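> What follows is the file input-v3.cif, containing mmCIF, C-alpha atoms:
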data_query
#
loop_
_atom_site.label_atom_id
_atom_site.label_comp_id
_atom_site.auth_asym_id
_atom_site.auth_seq_id
_atom_site.Cartn_x
_atom_site.Cartn_y
_atom_site.Cartn_z
CA MET A 284 32.51 -4.66 -21.60
CA GLU A 285 29.90 -4.48 -24.35
CA GLN A 286 26.29 -5.10 -23.41
CA SER A 287 24.20 -7.47 -25.47
CA PRO A 288 21.26 -5.87 -27.25
CA THR A 289 17.94 -6.06 -25.47
CA LEU A 290 15.14 -8.22 -26.78
CA LEU A 291 13.37 -5.15 -28.15
CA ALA A 292 16.50 -3.95 -29.94
CA ARG A 293 16.91 -7.38 -31.60
CA LEU A 294 13.38 -7.48 -33.02
CA THR A 295 13.17 -7.28 -36.77
CA ALA A 296 10.43 -5.42 -38.61
CA GLN A 297 8.78 -8.80 -39.21
CA SER A 298 8.92 -9.90 -35.57
CA ARG A 299 7.90 -6.48 -34.26
CA PHE A 300 4.27 -7.65 -34.44
CA THR A 301 5.05 -9.94 -31.50
CA SER A 302 6.77 -7.25 -29.42
CA PRO A 303 5.33 -6.54 -25.96
CA GLY A 304 4.24 -3.03 -26.93
CA TYR A 305 2.41 -4.18 -30.03
CA LEU A 306 0.79 -7.08 -28.19
CA LEU A 307 -0.37 -4.81 -25.35
CA ALA A 308 -1.86 -2.38 -27.86
CA THR A 309 -3.71 -5.01 -29.89
CA ILE A 310 -4.91 -6.93 -26.83
CA GLY A 311 -6.08 -3.64 -25.31
CA LYS A 312 -8.09 -2.82 -28.43
CA THR A 313 -9.71 -6.25 -28.34
CA ALA A 314 -10.49 -5.93 -24.63
CA ASP A 315 -12.03 -2.48 -25.27
CA LEU A 316 -14.20 -3.92 -28.04
CA TRP A 317 -15.34 -6.88 -25.95
CA ILE A 318 -16.14 -4.64 -22.97
CA ALA A 319 -18.14 -2.31 -25.23
CA GLU A 320 -20.08 -5.33 -26.53
CA ALA A 321 -20.70 -6.54 -22.97
CA MET A 322 -21.98 -3.10 -21.89
CA GLU A 323 -24.32 -2.68 -24.88
CA PRO A 324 -27.18 -4.81 -23.46
CA LEU A 325 -26.97 -2.66 -20.31
CA GLY A 326 -27.38 0.49 -22.41
CA LEU A 327 -23.99 1.76 -21.34
CA LEU A 328 -20.76 2.79 -22.99
CA PRO A 329 -17.59 1.52 -21.29
CA ARG A 330 -16.81 4.90 -19.71
CA GLU A 331 -20.32 5.09 -18.29
CA GLY A 332 -19.91 1.63 -16.76
CA ALA A 333 -16.50 2.66 -15.44
CA ALA A 334 -18.07 5.72 -13.79
CA LEU A 335 -20.48 3.46 -11.89
CA LEU A 336 -17.62 1.19 -10.81
CA VAL A 337 -15.53 4.14 -9.58
CA LEU A 338 -18.43 5.70 -7.68
CA ARG A 339 -19.29 2.39 -6.05
CA SER A 340 -15.65 1.85 -5.03
CA HIS A 341 -14.93 5.38 -3.84
CA GLY A 342 -18.33 6.70 -2.80
CA GLU A 343 -19.38 10.25 -3.53
CA LEU A 344 -16.69 12.19 -5.39
CA THR A 345 -16.24 15.67 -6.72
CA GLN A 346 -16.86 15.88 -10.43
CA ALA A 347 -13.17 16.75 -10.93
CA ARG A 348 -11.96 13.71 -9.00
CA LEU A 349 -14.33 11.40 -10.89
CA GLY A 350 -13.00 12.80 -14.18
CA HIS A 351 -9.48 12.19 -12.92
CA HIS A 352 -10.26 8.56 -12.09
CA LEU A 353 -11.85 8.02 -15.51
CA GLY A 354 -9.08 9.85 -17.38
CA VAL A 355 -11.55 12.13 -19.19
CA ASP A 356 -11.75 15.88 -19.63
CA ALA A 357 -14.49 18.00 -18.04
CA ASN A 358 -16.63 18.20 -21.20
CA THR A 359 -16.59 14.44 -21.75
CA LEU A 360 -17.40 13.86 -18.08
CA VAL A 361 -20.43 16.17 -18.28
CA MET A 362 -21.77 14.16 -21.24
CA ILE A 363 -21.26 10.90 -19.32
CA LEU A 364 -22.95 12.30 -16.21
CA LYS A 365 -25.90 13.76 -18.12
CA LYS A 366 -26.71 10.34 -19.56
CA LEU A 367 -26.28 8.54 -16.23
CA GLU A 368 -28.29 11.21 -14.42
CA SER A 369 -31.13 11.05 -16.98
CA ARG A 370 -31.37 7.30 -16.31
CA GLY A 371 -31.43 7.88 -12.54
CA LEU A 372 -28.10 6.08 -12.03
CA VAL A 373 -26.17 8.98 -10.47
CA GLU A 374 -27.03 12.21 -8.69
CA ARG A 375 -25.14 15.47 -8.82
CA ARG A 376 -25.44 18.14 -6.17
CA ARG A 377 -23.58 21.26 -5.14
CA ASP A 378 -20.85 20.77 -2.58
CA PRO A 379 -22.11 22.51 0.59
CA VAL A 380 -18.52 23.38 1.52
CA ASP A 381 -17.62 24.85 -1.88
CA ARG A 382 -20.66 25.81 -3.96
CA ARG A 383 -18.51 26.00 -7.12
CA ARG A 384 -18.01 22.23 -7.08
CA HIS A 385 -20.42 19.41 -7.81
CA LEU A 386 -20.49 16.14 -5.91
CA VAL A 387 -21.48 12.98 -7.75
CA GLY A 388 -22.95 9.92 -6.07
CA ILE A 389 -24.35 6.63 -7.26
CA THR A 390 -28.07 5.93 -6.71
CA VAL A 391 -29.65 2.66 -5.64
CA GLU A 392 -30.57 2.05 -9.31
CA GLY A 393 -26.98 2.80 -10.32
CA ASP A 394 -25.66 0.42 -7.71
CA ASP A 395 -27.98 -2.31 -8.98
CA LEU A 396 -26.75 -1.77 -12.54
CA ARG A 397 -23.15 -1.58 -11.32
CA SER A 398 -23.48 -5.21 -10.23
CA GLN A 399 -24.35 -6.11 -13.81
CA VAL A 400 -21.41 -4.04 -15.08
CA ASP A 401 -19.12 -5.97 -12.71
CA ALA A 402 -20.47 -9.27 -14.03
CA ALA A 403 -20.06 -8.17 -17.67
CA VAL A 404 -16.44 -7.11 -17.13
CA GLU A 405 -15.73 -10.31 -15.23
CA GLN A 406 -17.03 -12.35 -18.18
CA VAL A 407 -14.79 -10.42 -20.59
CA GLU A 408 -11.78 -10.99 -18.35
CA ALA A 409 -12.58 -14.71 -18.07
CA ARG A 410 -12.84 -14.93 -21.88
CA LEU A 411 -9.62 -12.99 -22.39
CA LEU A 412 -7.59 -14.89 -19.79
CA ARG A 413 -9.19 -18.35 -20.09
CA ARG A 414 -5.91 -20.06 -21.02
CA LEU A 415 -4.09 -18.83 -17.91
CA ASP A 416 -4.05 -20.72 -14.65
CA GLU A 417 -4.34 -18.95 -11.28
CA ASP A 418 -0.57 -18.54 -10.81
CA GLU A 419 -0.16 -17.17 -14.34
CA MET A 420 -2.95 -14.64 -13.72
CA VAL A 421 -1.22 -13.46 -10.54
CA THR A 422 2.07 -13.14 -12.44
CA LEU A 423 0.39 -11.31 -15.33
CA ARG A 424 -1.24 -8.87 -12.92
CA GLU A 425 2.09 -8.21 -11.17
CA LEU A 426 3.84 -7.64 -14.50
CA LEU A 427 1.09 -5.34 -15.74
CA PHE A 428 1.36 -3.31 -12.53
CA LEU A 429 5.10 -2.91 -13.20
CA VAL A 430 4.37 -1.63 -16.71
CA ASP A 431 1.54 0.49 -15.36
CA ASP A 432 3.93 2.02 -12.83
CA VAL A 433 6.09 3.27 -15.71
CA VAL A 434 3.02 4.84 -17.29
CA GLY A 435 1.96 6.17 -13.89
CA ARG A 436 -1.76 5.61 -14.36
CA HIS A 437 -2.34 3.37 -11.33
CA ARG A 438 -0.42 5.72 -9.07
CA ARG A 439 -2.34 8.75 -10.40
CA LEU A 440 -5.66 7.03 -9.67
CA ALA A 441 -4.71 6.74 -6.01
CA GLU A 442 -3.83 10.44 -5.72
CA ASP A 443 -6.17 13.31 -5.10
CA PRO A 444 -6.35 15.76 -8.01
#
In structure tokens, how does this file's structure come out?

Amino acid sequence: MEQSPTLLARLTAQSRFTSPGYLLATIGKTADLWIAEAMEPLGLLPREGAALLVLRSHGELTQARLGHHLGVDANTLVMILKKLESRGLVERRRDPVDRRRHLVGITVEGDDLRSQVDAAVEQVEARLLRRLDEDEMVTLRELLFLVDDVVGRHRRLAEDP
């Protein structure tokens, strides 16, 4: 028995611009841009805001684990942390158990700013998803988690490096 071609296989070059992969990519770029715009008044880049959100959610982390959660290499993480540390938003200290490692924690000032980061991201999400009702948002989230599972990012964030 011959299988019918999948939706993706049936897309023409013209209709490819409405394919799920293309839509995810273009929507993601727009969301990135809007989040960057929302962070600008806070004096933060999106990755810096994300660092505050991760530290608030997970508490003090090793520098390596924070980099893992953010999906950045060690050099990029150091640049992010230097800026946040210079503003008094995070603190780094040597791990007393393993002096080769650094622990990173959020400060009271960082936690205060993190609340503003949360609000800014929430506004972007509301703008992006304003045409969806509550049930559609739940469905979208479930579907995105299924796609995310294929990519493995969500699962990797839950693992220790």
> Give the answer as one residue: which of A:Arg370, A:Arg397, A:Arg413, A:Arg348 has the shortest atom-to-atom distance to His385 (chain A), using only C-alpha atoms?
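Among A:Arg370, A:Arg397, A:Arg413, A:Arg348, it is A:Arg348 that comes nearest to His385 (chain A).
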> Might you pull out every residue within 8 Å of Leu349 (chain A), with all atoms listed in the file counted and same-chain residues fewer than 3 positions away left off, and present them as an NGL selection string?
:A and (334 or 337-338 or 344-346 or 352-353 or 387)
> Counting all atoms listed in the file, which residues have an atom no more than 8 Å from (-20.2, 2.9, -8.6) in the file's coordinates? Please list them as an MDAnalysis selection string.
chainID A and resid 333:342 388:389 393:394 397
> Smallest atom-to-atom distance to Gly350 (chain A): which of A:Arg383, A:Arg414, A:Arg330, A:Lys312, using only C-alpha atoms?
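Ranked by minimum distance to Gly350 (chain A), first place goes to A:Arg330.
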> Let me know the residues the PyMOL selection byres ((chain A and resi 361) around 12) catches in the file above, as a VMD selection string.
chain A and resid 330 to 331 334 346 to 347 349 to 350 355 to 360 362 to 369 375 385 387
> Between CA of Leu423 (chain A) and CA of Leu411 (chain A), what is the distance, to one decimal in Å?
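Result for CA of Leu423 (chain A) versus CA of Leu411 (chain A): 12.4 Å, one decimal.
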> Taking only C-alpha atoms into account, name the residue in A:Arg424, A:Val434, A:Arg384, A:Gly354 that is nearest to Leu412 (chain A).
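Checking each of A:Arg424, A:Val434, A:Arg384, A:Gly354 against Leu412 (chain A), counting only C-alpha atoms, the winner is A:Arg424.
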> Between CA of Ala403 (chain A) and CA of Ile318 (chain A), what is the distance in Å, rounded to a tenth?
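CA of Ile318 (chain A) lies 7.5 Å from CA of Ala403 (chain A).
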> Have a look at CA of Gly332 (chain A) and CA of Thr390 (chain A) and let me know their distance in Å, one decimal.
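CA of Thr390 (chain A) lies at a distance of 13.6 Å from CA of Gly332 (chain A).
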> So, counting only C-alpha atoms, which residue among A:Asp315, A:Phe300, A:Val407, A:Leu307 is closest to Asp431 (chain A)?
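Going through A:Asp315, A:Phe300, A:Val407, A:Leu307 one by one, the smallest distance to Asp431 (chain A) is for A:Leu307.
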> Excluding Trp317 (chain A) and any residue of its chain fewer than 3 positions from it, enumerate the residues within 12 Å of it, using all atoms listed in the file, and give them as a PDB file with C-alpha atoms, keeping the file's coordinate frame.

ATOM      1  CA  ILE A 310      -4.910  -6.930 -26.830  1.00  0.00           C
ATOM      2  CA  GLY A 311      -6.080  -3.640 -25.310  1.00  0.00           C
ATOM      3  CA  LYS A 312      -8.090  -2.820 -28.430  1.00  0.00           C
ATOM      4  CA  THR A 313      -9.710  -6.250 -28.340  1.00  0.00           C
ATOM      5  CA  ALA A 314     -10.490  -5.930 -24.630  1.00  0.00           C
ATOM      6  CA  GLU A 320     -20.080  -5.330 -26.530  1.00  0.00           C
ATOM      7  CA  ALA A 321     -20.700  -6.540 -22.970  1.00  0.00           C
ATOM      8  CA  MET A 322     -21.980  -3.100 -21.890  1.00  0.00           C
ATOM      9  CA  GLU A 323     -24.320  -2.680 -24.880  1.00  0.00           C
ATOM     10  CA  LEU A 328     -20.760   2.790 -22.990  1.00  0.00           C
ATOM     11  CA  PRO A 329     -17.590   1.520 -21.290  1.00  0.00           C
ATOM     12  CA  ALA A 403     -20.060  -8.170 -17.670  1.00  0.00           C
ATOM     13  CA  VAL A 404     -16.440  -7.110 -17.130  1.00  0.00           C
ATOM     14  CA  GLU A 405     -15.730 -10.310 -15.230  1.00  0.00           C
ATOM     15  CA  GLN A 406     -17.030 -12.350 -18.180  1.00  0.00           C
ATOM     16  CA  VAL A 407     -14.790 -10.420 -20.590  1.00  0.00           C
ATOM     17  CA  GLU A 408     -11.780 -10.990 -18.350  1.00  0.00           C
ATOM     18  CA  ALA A 409     -12.580 -14.710 -18.070  1.00  0.00           C
ATOM     19  CA  ARG A 410     -12.840 -14.930 -21.880  1.00  0.00           C
ATOM     20  CA  LEU A 411      -9.620 -12.990 -22.390  1.00  0.00           C
TER      21      LEU A 411
END
